[in-house]
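Colleague: Handing you a structure now.
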Amino acid sequence: MTSWGDGVGNYRQIKPFFVTLNLFQGPFLGRLVGMRYERNPCVYLLSNRHYGAIYIGVTSNLLQRLVQHREGLIPGFTTRYKVHRLVHFEMFGEMEPAILREKQLKRWHRQWKINLINAENPEWRDLAVGLGLPPLGPGKPRDGS
């Protein structure tokens, strides 16, 4: 178990549930089918390109939320800056730890978020393709500095 705090001494024991997507062997089909019909709390990071703008969100239905972002149904940051590329996600068993993780990530410095993405997805590929969504157009690569 991991202990996450809010910086003022309030700590909770949280057991995260992480999902690793192997981009070379395709999606894990058993979990993918369950994702289409069940509620699965998830924290996700979107970007508009390699080392581009980063958006952090939480949802109970990742595929549905990704479609909403891609179709511009959610006005705001993701629509304005075309932030639609899923570059990182973490699955949880319950919504409360997912919300706490989202809040934690939003407090992080940008470089920490970049390091998190690079640890599992150094090319910033669109992980939504492995979940069954169509690929996006290519983004312009940038230097990570």
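A note on labels: chains of the structure tokens are A, B, ... as shown, every chain counts residues from 1, and ligands are counted from 1 in their shown order.
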Give me the residues within 12 Å of segment 45-51 of chain A as number ranges by chain, counting only C-alpha atoms and dropping any in the same chain fewer than 3 places off.

Modeller: A: 42, 54-59, 62, 65-66, 69-70, 77-90, 101-102, 105-106, 110-111, 113-118, 121-128, 136-145

Colleague: Would you compute the distance between atom CA of Leu133 of chain A and atom CA of Leu73 of chain A? Give it in Å to one decimal.

Modeller: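 We find that atom CA of Leu133 of chain A and atom CA of Leu73 of chain A lie 16.4 Å from each other.
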
Colleague: Report as a VMD selection string: the residues of segment 82-126 of chain A with a DSSP assignment of strand (DSSP E), based on the backbone of this structure.

Modeller: chain A and resid 85 to 91

Colleague: As an exercise, work out the distance from atom CA of Gly93 of chain A to atom CA of Trp112 of chain A in Å and give it to one decimal place.

Modeller: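 Distance between the two atoms: 24.5 Å.
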